[in-house]
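K.L.:
Structure supplied as entry_25.cif; contents: mmCIF, N, CA and C atoms.
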```cif
data_upload
#
loop_
_atom_site.label_atom_id
_atom_site.label_comp_id
_atom_site.auth_asym_id
_atom_site.auth_seq_id
_atom_site.Cartn_x
_atom_site.Cartn_y
_atom_site.Cartn_z
N MET A 1 -8.58 13.55 -0.68
CA MET A 1 -9.01 12.28 -0.17
C MET A 1 -7.83 11.55 0.43
N GLU A 2 -8.04 10.97 1.60
CA GLU A 2 -6.98 10.23 2.27
C GLU A 2 -7.47 8.83 2.63
N LEU A 3 -6.56 7.86 2.53
CA LEU A 3 -6.84 6.49 2.89
C LEU A 3 -5.82 6.00 3.90
N LEU A 4 -6.29 5.24 4.85
CA LEU A 4 -5.45 4.51 5.78
C LEU A 4 -5.67 3.04 5.47
N VAL A 5 -4.62 2.35 5.06
CA VAL A 5 -4.72 0.94 4.71
C VAL A 5 -3.88 0.17 5.72
N ILE A 6 -4.51 -0.79 6.39
CA ILE A 6 -3.83 -1.60 7.38
C ILE A 6 -3.72 -3.02 6.85
N TYR A 7 -2.48 -3.48 6.67
CA TYR A 7 -2.22 -4.83 6.23
C TYR A 7 -1.87 -5.68 7.45
N LYS A 8 -2.65 -6.71 7.70
CA LYS A 8 -2.31 -7.71 8.72
C LYS A 8 -1.63 -8.84 7.96
N LEU A 9 -0.37 -9.08 8.29
CA LEU A 9 0.45 -10.03 7.53
C LEU A 9 0.61 -11.35 8.25
N LYS A 10 0.96 -12.37 7.48
CA LYS A 10 1.32 -13.65 8.06
C LYS A 10 2.53 -13.44 8.97
N GLU A 11 2.66 -14.28 9.97
CA GLU A 11 3.78 -14.17 10.90
C GLU A 11 5.12 -14.22 10.16
N ASN A 12 6.05 -13.39 10.60
CA ASN A 12 7.42 -13.36 10.08
C ASN A 12 7.53 -13.01 8.60
N CYS A 13 6.58 -12.27 8.07
CA CYS A 13 6.60 -11.89 6.65
C CYS A 13 6.76 -10.39 6.42
N THR A 14 6.79 -9.61 7.48
CA THR A 14 6.79 -8.16 7.32
C THR A 14 7.98 -7.67 6.50
N ASP A 15 9.17 -8.09 6.85
CA ASP A 15 10.36 -7.63 6.13
C ASP A 15 10.31 -8.00 4.65
N THR A 16 9.87 -9.21 4.36
CA THR A 16 9.79 -9.67 2.98
C THR A 16 8.73 -8.91 2.21
N PHE A 17 7.60 -8.64 2.84
CA PHE A 17 6.52 -7.87 2.23
C PHE A 17 7.03 -6.48 1.83
N ILE A 18 7.64 -5.79 2.77
CA ILE A 18 8.17 -4.45 2.51
C ILE A 18 9.26 -4.50 1.44
N LYS A 19 10.16 -5.47 1.55
CA LYS A 19 11.26 -5.60 0.59
C LYS A 19 10.73 -5.76 -0.84
N GLU A 20 9.74 -6.62 -1.02
CA GLU A 20 9.20 -6.86 -2.36
C GLU A 20 8.51 -5.61 -2.92
N ILE A 21 7.81 -4.89 -2.06
CA ILE A 21 7.14 -3.66 -2.49
C ILE A 21 8.16 -2.64 -2.99
N TYR A 22 9.27 -2.48 -2.25
CA TYR A 22 10.28 -1.50 -2.65
C TYR A 22 11.14 -1.99 -3.81
N GLU A 23 11.41 -3.30 -3.88
CA GLU A 23 12.15 -3.82 -5.03
C GLU A 23 11.37 -3.64 -6.33
N ALA A 24 10.04 -3.68 -6.25
CA ALA A 24 9.19 -3.47 -7.42
C ALA A 24 9.01 -1.98 -7.72
N ASP A 25 9.62 -1.13 -6.90
CA ASP A 25 9.57 0.33 -7.06
C ASP A 25 8.14 0.87 -7.01
N LEU A 26 7.27 0.18 -6.26
CA LEU A 26 5.87 0.58 -6.22
C LEU A 26 5.63 1.93 -5.56
N PRO A 27 6.22 2.22 -4.40
CA PRO A 27 5.96 3.54 -3.80
C PRO A 27 6.32 4.70 -4.72
N GLU A 28 7.49 4.67 -5.31
CA GLU A 28 7.91 5.77 -6.19
C GLU A 28 7.05 5.84 -7.45
N THR A 29 6.71 4.70 -8.01
CA THR A 29 5.86 4.67 -9.19
C THR A 29 4.50 5.29 -8.87
N ILE A 30 3.95 4.93 -7.74
CA ILE A 30 2.63 5.46 -7.35
C ILE A 30 2.73 6.95 -7.04
N ARG A 31 3.79 7.37 -6.38
CA ARG A 31 3.96 8.80 -6.07
C ARG A 31 4.01 9.66 -7.33
N ARG A 32 4.45 9.08 -8.44
CA ARG A 32 4.52 9.82 -9.70
C ARG A 32 3.18 9.88 -10.43
N GLU A 33 2.19 9.17 -9.96
CA GLU A 33 0.88 9.18 -10.61
C GLU A 33 0.23 10.55 -10.48
N SER A 34 -0.51 10.92 -11.50
CA SER A 34 -1.25 12.18 -11.48
C SER A 34 -2.25 12.17 -10.33
N GLY A 35 -2.22 13.21 -9.51
CA GLY A 35 -3.16 13.34 -8.41
C GLY A 35 -2.70 12.76 -7.09
N CYS A 36 -1.55 12.07 -7.08
CA CYS A 36 -1.04 11.51 -5.83
C CYS A 36 -0.32 12.60 -5.04
N LEU A 37 -0.77 12.81 -3.83
CA LEU A 37 -0.16 13.81 -2.95
C LEU A 37 0.69 13.18 -1.85
N GLY A 38 0.59 11.88 -1.67
CA GLY A 38 1.38 11.19 -0.67
C GLY A 38 1.09 9.70 -0.67
N TYR A 39 2.14 8.91 -0.42
CA TYR A 39 2.01 7.45 -0.42
C TYR A 39 3.16 6.90 0.40
N ASP A 40 2.88 6.45 1.63
CA ASP A 40 3.95 6.01 2.54
C ASP A 40 3.54 4.78 3.35
N TYR A 41 4.52 3.90 3.58
CA TYR A 41 4.32 2.70 4.39
C TYR A 41 4.98 2.88 5.75
N PHE A 42 4.36 2.30 6.79
CA PHE A 42 4.88 2.32 8.14
C PHE A 42 4.68 0.95 8.78
N VAL A 43 5.69 0.48 9.51
CA VAL A 43 5.59 -0.79 10.22
C VAL A 43 5.25 -0.49 11.68
N SER A 44 4.27 -1.20 12.21
CA SER A 44 3.86 -1.01 13.59
C SER A 44 4.99 -1.39 14.54
N ALA A 45 5.26 -0.54 15.51
CA ALA A 45 6.29 -0.82 16.52
C ALA A 45 5.81 -1.87 17.52
N GLU A 46 4.52 -2.00 17.68
CA GLU A 46 3.96 -2.92 18.68
C GLU A 46 3.45 -4.23 18.10
N LYS A 47 3.00 -4.19 16.86
CA LYS A 47 2.46 -5.38 16.21
C LYS A 47 3.29 -5.63 14.97
N GLY A 48 4.31 -6.46 15.11
CA GLY A 48 5.28 -6.67 14.05
C GLY A 48 4.72 -7.19 12.74
N ASN A 49 3.52 -7.74 12.76
CA ASN A 49 2.95 -8.25 11.52
C ASN A 49 1.91 -7.29 10.94
N THR A 50 1.99 -6.02 11.33
CA THR A 50 1.06 -5.01 10.84
C THR A 50 1.83 -3.89 10.13
N VAL A 51 1.40 -3.62 8.90
CA VAL A 51 1.97 -2.54 8.12
C VAL A 51 0.83 -1.57 7.79
N VAL A 52 1.09 -0.29 7.98
CA VAL A 52 0.10 0.74 7.70
C VAL A 52 0.59 1.55 6.51
N MET A 53 -0.34 1.83 5.61
CA MET A 53 -0.01 2.63 4.45
C MET A 53 -0.96 3.83 4.42
N LEU A 54 -0.38 5.01 4.24
CA LEU A 54 -1.17 6.23 4.12
C LEU A 54 -1.10 6.73 2.69
N GLU A 55 -2.26 6.98 2.12
CA GLU A 55 -2.36 7.52 0.76
C GLU A 55 -3.10 8.85 0.82
N LYS A 56 -2.66 9.79 0.00
CA LYS A 56 -3.37 11.06 -0.11
C LYS A 56 -3.49 11.39 -1.59
N TRP A 57 -4.72 11.69 -2.03
CA TRP A 57 -5.02 11.97 -3.44
C TRP A 57 -5.76 13.29 -3.57
N GLU A 58 -5.54 13.96 -4.69
CA GLU A 58 -6.24 15.22 -4.94
C GLU A 58 -7.75 15.01 -4.98
N THR A 59 -8.18 13.90 -5.61
CA THR A 59 -9.60 13.62 -5.75
C THR A 59 -9.86 12.12 -5.65
N LYS A 60 -11.10 11.77 -5.43
CA LYS A 60 -11.51 10.36 -5.42
C LYS A 60 -11.29 9.76 -6.80
N GLU A 61 -11.53 10.54 -7.84
CA GLU A 61 -11.35 10.06 -9.20
C GLU A 61 -9.89 9.68 -9.48
N ALA A 62 -8.95 10.49 -8.97
CA ALA A 62 -7.53 10.18 -9.15
C ALA A 62 -7.18 8.86 -8.47
N GLN A 63 -7.74 8.65 -7.29
CA GLN A 63 -7.48 7.39 -6.56
C GLN A 63 -8.11 6.21 -7.29
N THR A 64 -9.28 6.40 -7.85
CA THR A 64 -9.94 5.33 -8.61
C THR A 64 -9.12 4.97 -9.85
N LEU A 65 -8.60 5.98 -10.56
CA LEU A 65 -7.73 5.72 -11.72
C LEU A 65 -6.47 4.96 -11.30
N HIS A 66 -5.94 5.31 -10.15
CA HIS A 66 -4.75 4.65 -9.59
C HIS A 66 -4.97 3.14 -9.47
N LEU A 67 -6.14 2.74 -9.03
CA LEU A 67 -6.42 1.32 -8.82
C LEU A 67 -6.36 0.51 -10.11
N GLY A 68 -6.57 1.16 -11.25
CA GLY A 68 -6.53 0.46 -12.52
C GLY A 68 -5.18 0.47 -13.22
N GLN A 69 -4.16 1.04 -12.59
CA GLN A 69 -2.84 1.12 -13.21
C GLN A 69 -2.18 -0.27 -13.25
N PRO A 70 -1.37 -0.53 -14.28
CA PRO A 70 -0.74 -1.85 -14.43
C PRO A 70 0.10 -2.28 -13.22
N HIS A 71 0.79 -1.34 -12.59
CA HIS A 71 1.64 -1.71 -11.45
C HIS A 71 0.83 -2.15 -10.23
N MET A 72 -0.46 -1.83 -10.21
CA MET A 72 -1.29 -2.27 -9.09
C MET A 72 -1.51 -3.78 -9.11
N LYS A 73 -1.39 -4.38 -10.29
CA LYS A 73 -1.46 -5.85 -10.37
C LYS A 73 -0.32 -6.45 -9.55
N ARG A 74 0.87 -5.88 -9.69
CA ARG A 74 2.04 -6.38 -8.94
C ARG A 74 1.82 -6.22 -7.44
N LEU A 75 1.25 -5.08 -7.02
CA LEU A 75 0.97 -4.87 -5.60
C LEU A 75 -0.02 -5.91 -5.09
N ARG A 76 -1.04 -6.21 -5.88
CA ARG A 76 -2.02 -7.22 -5.46
C ARG A 76 -1.37 -8.59 -5.33
N GLU A 77 -0.46 -8.92 -6.24
CA GLU A 77 0.25 -10.21 -6.17
C GLU A 77 1.06 -10.31 -4.88
N ILE A 78 1.76 -9.24 -4.54
CA ILE A 78 2.56 -9.24 -3.30
C ILE A 78 1.63 -9.33 -2.10
N LYS A 79 0.59 -8.54 -2.08
CA LYS A 79 -0.36 -8.56 -0.96
C LYS A 79 -0.97 -9.95 -0.80
N ASP A 80 -1.35 -10.58 -1.90
CA ASP A 80 -1.97 -11.91 -1.83
C ASP A 80 -1.04 -12.95 -1.22
N LYS A 81 0.27 -12.78 -1.40
CA LYS A 81 1.24 -13.73 -0.83
C LYS A 81 1.38 -13.59 0.68
N TYR A 82 1.25 -12.36 1.20
CA TYR A 82 1.62 -12.12 2.59
C TYR A 82 0.51 -11.63 3.51
N ALA A 83 -0.51 -11.01 2.99
CA ALA A 83 -1.55 -10.42 3.85
C ALA A 83 -2.65 -11.43 4.16
N VAL A 84 -3.07 -11.44 5.42
CA VAL A 84 -4.20 -12.27 5.82
C VAL A 84 -5.46 -11.42 5.95
N ASP A 85 -5.29 -10.10 6.06
CA ASP A 85 -6.43 -9.19 6.15
C ASP A 85 -5.98 -7.80 5.73
N THR A 86 -6.88 -7.06 5.12
CA THR A 86 -6.63 -5.68 4.74
C THR A 86 -7.81 -4.85 5.17
N ILE A 87 -7.53 -3.80 5.93
CA ILE A 87 -8.57 -2.88 6.40
C ILE A 87 -8.32 -1.53 5.75
N ILE A 88 -9.36 -0.95 5.15
CA ILE A 88 -9.22 0.34 4.48
C ILE A 88 -10.18 1.33 5.10
N LYS A 89 -9.64 2.46 5.50
CA LYS A 89 -10.44 3.53 6.07
C LYS A 89 -10.23 4.79 5.24
N GLU A 90 -11.33 5.39 4.81
CA GLU A 90 -11.26 6.59 3.98
C GLU A 90 -11.59 7.82 4.82
N PHE A 91 -10.82 8.90 4.60
CA PHE A 91 -11.03 10.15 5.32
C PHE A 91 -11.29 11.27 4.35
#
```
If you convert what's in this file into structure tokens, what do you get?
P.N.:
Amino acid sequence: MELLVIYKLKENCTDTFIKEIYEADLPETIRRESGCLGYDYFVSAEKGNTVVMLEKWETKEAQTLHLGQPHMKRLREIKDKYAVDTIIKEF
């Protein structure tokens, strides 16, 4: 299962958003979760306030378990500070 998550951020918040995510060690923590096959962030070259995240999981169940992990609360707190919209596409 793969997800494409598009974060539309408040103006001039992209660097701070990314910095807080990495300071909280969220990408590495999530990559260590059972069933995680990939978890990466990308900043749009054309739309500076857009961050794309690609997730790959062995199963839908593994991704569902991921959403309930304690560190996901921290990710939601960061997202709530900076994101004005989140679009999720499942493949």
K.L.:
Which is closest to Lys8 of chain A among A:Glu20, A:Asn49, A:Glu33, A:Gly38, if we use all atoms listed in the file?
P.N.:
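Using all atoms listed in the file, Lys8 of chain A sits closest to A:Asn49.
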K.L.:
Care to translate the PyMOL selection byres (((chain A and resi 74 and name CA) around 12) and name CA) into actual residues of this file, as a list in words?
P.N.:
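Applied to this file, the PyMOL selection byres (((chain A and resi 74 and name CA) around 12) and name CA) selects Glu20, Ile21, Tyr22, Glu23, Ala24, Asp25, Leu26, Pro27, Thr29, Ile30, Leu67, Gly68, Gln69, Pro70, His71, Met72, Lys73, Leu75, Arg76, Glu77, Ile78, Lys79, Asp80 and Lys81 of chain A.
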K.L.:
Would you mind listing what lies within 7 Å of Met53 of chain A as a count of residues only, with only C-alpha atoms counted and same-chain residues fewer than 5 positions away left out?
P.N.:
6
K.L.:
Mind pulling up the distance from atom C of Lys89 of chain A to atom N of Thr14 of chain A?
P.N.:
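Rounded to one decimal, the two atoms are 22.4 Å apart.
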K.L.:
Given the choices A:Glu2, A:Gly35, A:Thr86, A:Thr16, which gets closest to Val52 of chain A if the distance is worked out from only C-alpha atoms?
P.N.:
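Closest to Val52 of chain A of all the choices is A:Thr86.
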K.L.:
Can you work out the spacing between atom N of Lys56 of chain A and atom C of Leu3 of chain A in Å, to one decimal?
P.N.:
6.3 Å
K.L.:
Report, in Å to a single decimal, how far apart atom CA of Val51 of chain A and atom CA of Arg31 of chain A are.
P.N.:
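Atom CA of Val51 of chain A lies 18.3 Å from atom CA of Arg31 of chain A.
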K.L.:
Would you please extract all strand (DSSP E or B) residues from chain A, as assigned by DSSP on the backbone, and give them as a ChimeraX atom specification?
P.N.:
/A:2-9,36-43,50-57,83-90
K.L.:
Compare A:Ile18, A:Val43, A:Cys13, A:Cys36 by their minimum atom-to-atom distance to Glu55 of chain A, counting only N, CA and C atoms, and give me the closest one.
P.N.:
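Checking each of A:Ile18, A:Val43, A:Cys13, A:Cys36 against Glu55 of chain A, counting only N, CA and C atoms, the winner is A:Cys36.
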K.L.:
Taking only chain A into account, list the residues labelled alpha helix (DSSP H) by DSSP (computed from the backbone), as a ChimeraX atom specification.
P.N.:
/A:14-23,26-31,60-67,71-82
